[in-house]
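The structure appears below as structure tokens.
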Amino acid sequence: MSKCHHCGADVSFMALLRTPNPLKFKCDSCKEDVHVDKRSGLIAVVAILAVIIPPLIMLYGTEHYLLSVVAPIAIAAEVFYFLLIKYGLVKLKNE
Ligand SMILES: [Zn+2]
């Protein structure tokens, strides 16, 4: 289980959801920056994008595209990324 290396708090989904940069987010407890290991983080981000981009392209033009296609896919991708971090498949930097 991945934890913030500043305060030891569990990584929260909301902290990840709020960050514009998937490789760096602010800990919900101590507000310090938590860095994701670049190598495993980038592999995960690229893999997730490779999975979500084709359906986004194929379904483009669907009615309520943003709401019914983009939003659920983006949230699913965030949840998946969060789980990868939570279970340590994507590592956090321990500095
Ligand atoms: Zn913290």
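Starting from 1 in every chain, residues are counted up; chains themselves are A, B, ... following the order of the structure tokens, and ligands are numbered from 1 as listed.
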
Which residues of chain A come within 7 Å of ligand 1, and what is each one's closest atom pair and distance in Å (one decimal), counting only C-alpha atoms and all ligand atoms, sorted by chain and residue number, as a tab-separated table?
residue	atom	partner	partner_atom_place_in_ligand_line	distance
A:Cys4	CA	ligand 1	1 (Zn)	4.6
A:His5	CA	ligand 1	1 (Zn)	6.5
A:His6	CA	ligand 1	1 (Zn)	4.8
A:Cys7	CA	ligand 1	1 (Zn)	4.1
A:Gly8	CA	ligand 1	1 (Zn)	6.0
A:Ala9	CA	ligand 1	1 (Zn)	5.5
A:Cys27	CA	ligand 1	1 (Zn)	4.6
A:Asp28	CA	ligand 1	1 (Zn)	6.5
A:Ser29	CA	ligand 1	1 (Zn)	5.0
A:Cys30	CA	ligand 1	1 (Zn)	4.2
A:Lys31	CA	ligand 1	1 (Zn)	6.1
A:Glu32	CA	ligand 1	1 (Zn)	5.8

Check: Looking only at the backbone, which of the residues in chain A does DSSP tag as strand (DSSP E or B), as JSON, numbers by chain?
Finding: {"A": [3, 10, 24, 25, 26, 33, 34, 35, 36, 92]}

Take the residues from that selection and write them out as a PDB file, in the first residue's frame, keeping N, CA and C atoms.
ATOM      1  N   LYS A   3       2.086   4.989   0.492  1.00  0.00           N
ATOM      2  CA  LYS A   3       1.797   6.076   1.425  1.00  0.00           C
ATOM      3  C   LYS A   3       2.647   7.299   1.102  1.00  0.00           C
ATOM      4  N   ASP A  10      -2.206   7.437   3.703  1.00  0.00           N
ATOM      5  CA  ASP A  10      -2.510   6.711   2.469  1.00  0.00           C
ATOM      6  C   ASP A  10      -2.746   7.700   1.341  1.00  0.00           C
ATOM      7  N   LYS A  24       2.812  13.929 -10.290  1.00  0.00           N
ATOM      8  CA  LYS A  24       3.048  14.703  -9.075  1.00  0.00           C
ATOM      9  C   LYS A  24       1.710  15.135  -8.513  1.00  0.00           C
ATOM     10  N   PHE A  25       1.472  14.898  -7.235  1.00  0.00           N
ATOM     11  CA  PHE A  25       0.212  15.336  -6.641  1.00  0.00           C
ATOM     12  C   PHE A  25       0.449  15.775  -5.212  1.00  0.00           C
ATOM     13  N   LYS A  26      -0.507  16.492  -4.680  1.00  0.00           N
ATOM     14  CA  LYS A  26      -0.376  16.987  -3.309  1.00  0.00           C
ATOM     15  C   LYS A  26      -1.053  16.026  -2.347  1.00  0.00           C
ATOM     16  N   ASP A  33       4.117  17.910  -1.816  1.00  0.00           N
ATOM     17  CA  ASP A  33       4.122  17.256  -3.112  1.00  0.00           C
ATOM     18  C   ASP A  33       4.605  15.818  -2.973  1.00  0.00           C
ATOM     19  N   VAL A  34       3.866  14.920  -3.586  1.00  0.00           N
ATOM     20  CA  VAL A  34       4.290  13.525  -3.641  1.00  0.00           C
ATOM     21  C   VAL A  34       4.626  13.226  -5.096  1.00  0.00           C
ATOM     22  N   HIS A  35       5.812  12.717  -5.323  1.00  0.00           N
ATOM     23  CA  HIS A  35       6.240  12.445  -6.694  1.00  0.00           C
ATOM     24  C   HIS A  35       6.080  10.965  -7.021  1.00  0.00           C
ATOM     25  N   VAL A  36       5.584  10.727  -8.208  1.00  0.00           N
ATOM     26  CA  VAL A  36       5.453   9.348  -8.681  1.00  0.00           C
ATOM     27  C   VAL A  36       6.742   8.993  -9.403  1.00  0.00           C
ATOM     28  N   LEU A  92       5.904   5.247  -5.790  1.00  0.00           N
ATOM     29  CA  LEU A  92       6.126   6.628  -5.400  1.00  0.00           C
ATOM     30  C   LEU A  92       7.601   6.779  -5.061  1.00  0.00           C
TER      31      LEU A  92
END

Next item on the list: Choose the residue, out of A:Met1, A:Leu59, A:Ile48, A:Leu23, that has the smallest atom-to-atom separation from Val79 in chain A; count only C-alpha atoms.
Entry: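 Smallest distance to Val79 in chain A is found for A:Ile48.
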
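Considering the residues A:Leu17, A:Met58, A:Ser40, A:Val45 and counting only C-alpha atoms, Ile75 in chain A has its shortest atom-to-atom contact with A:Leu17.
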
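Nearest-residue note for Met14 in chain A: choosing from A:Phe82, A:Val69, A:Leu42, A:Glu63, the minimum distance belongs to A:Phe82, counting only C-alpha atoms.
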
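One distance worth recording is that between CA of Ile73 in chain A and CA of Ser12 in chain A, which is 19.5 Å.
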
Mind checking which residues fall within 10 Å of Phe80 in chain A, counting only C-alpha atoms, ignoring those fewer than 6 positions away in the same chain, and posting them as a short mmCIF file (atom, residue, chain, number, x, y, z; two decimals) with N, CA and C atoms, in the first residue's frame?
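And here is the file that came out, result-v8.cif:
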data_model
loop_
_atom_site.label_atom_id
_atom_site.label_comp_id
_atom_site.auth_asym_id
_atom_site.auth_seq_id
_atom_site.Cartn_x
_atom_site.Cartn_y
_atom_site.Cartn_z
N ALA A 44 2.62 3.49 -16.95
CA ALA A 44 1.20 3.35 -16.63
C ALA A 44 0.37 4.37 -17.39
N ILE A 48 -2.42 3.43 -20.11
CA ILE A 48 -3.82 3.82 -19.91
C ILE A 48 -4.31 4.63 -21.11
N ALA A 74 -12.71 8.84 -18.51
CA ALA A 74 -11.67 9.55 -17.76
C ALA A 74 -11.68 9.13 -16.30
N LYS A 86 -1.97 2.76 -5.47
CA LYS A 86 -2.34 2.25 -4.15
C LYS A 86 -1.69 0.90 -3.86
#

Notebook entry, point to check: chain A: which residues are helix (DSSP H, G or I) by DSSP, as an MDAnalysis selection string?
Noted result: chainID A and resid 13:18 38:58 65:86

Tell me, as an mmCIF file with N, CA and C atoms, in the first residue's frame, which residues lie within 9 Å of Lys91 in chain A, counting only C-alpha atoms; anything in the same chain fewer than 6 positions away does not count.
data_model
loop_
_atom_site.group_PDB
_atom_site.id
_atom_site.type_symbol
_atom_site.label_atom_id
_atom_site.label_comp_id
_atom_site.auth_asym_id
_atom_site.auth_seq_id
_atom_site.Cartn_x
_atom_site.Cartn_y
_atom_site.Cartn_z
ATOM 1 N N SER A 2 0.709 2.104 -0.984
ATOM 2 C CA SER A 2 1.564 3.279 -1.085
ATOM 3 C C SER A 2 1.116 4.384 -0.134
ATOM 4 N N VAL A 36 5.584 10.727 -8.208
ATOM 5 C CA VAL A 36 5.453 9.348 -8.681
ATOM 6 C C VAL A 36 6.742 8.993 -9.403
ATOM 7 N N ASP A 37 7.216 7.804 -9.190
ATOM 8 C CA ASP A 37 8.404 7.333 -9.900
ATOM 9 C C ASP A 37 8.171 7.476 -11.400
ATOM 10 N N LYS A 38 9.082 8.203 -12.066
ATOM 11 C CA LYS A 38 8.852 8.565 -13.474
ATOM 12 C C LYS A 38 8.691 7.348 -14.370
ATOM 13 N N ARG A 39 9.549 6.352 -14.161
ATOM 14 C CA ARG A 39 9.538 5.222 -15.090
ATOM 15 C C ARG A 39 8.220 4.443 -14.998
ATOM 16 N N SER A 40 7.877 3.984 -13.809
ATOM 17 C CA SER A 40 6.646 3.197 -13.690
ATOM 18 C C SER A 40 5.421 4.077 -13.928
ATOM 19 N N GLY A 41 5.500 5.361 -13.527
ATOM 20 C CA GLY A 41 4.376 6.267 -13.743
ATOM 21 C C GLY A 41 4.113 6.499 -15.214
ATOM 22 N N LEU A 84 -3.352 1.407 -9.282
ATOM 23 C CA LEU A 84 -1.960 1.025 -9.570
ATOM 24 C C LEU A 84 -1.020 1.627 -8.539
ATOM 25 N N ILE A 85 -1.283 2.874 -8.162
ATOM 26 C CA ILE A 85 -0.442 3.533 -7.152
ATOM 27 C C ILE A 85 -0.696 2.936 -5.782
#

Item checked: Separation of CA of Tyr60 in chain A from CA of Phe13 in chain A in Å ->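 So the answer is 27.7 Å.
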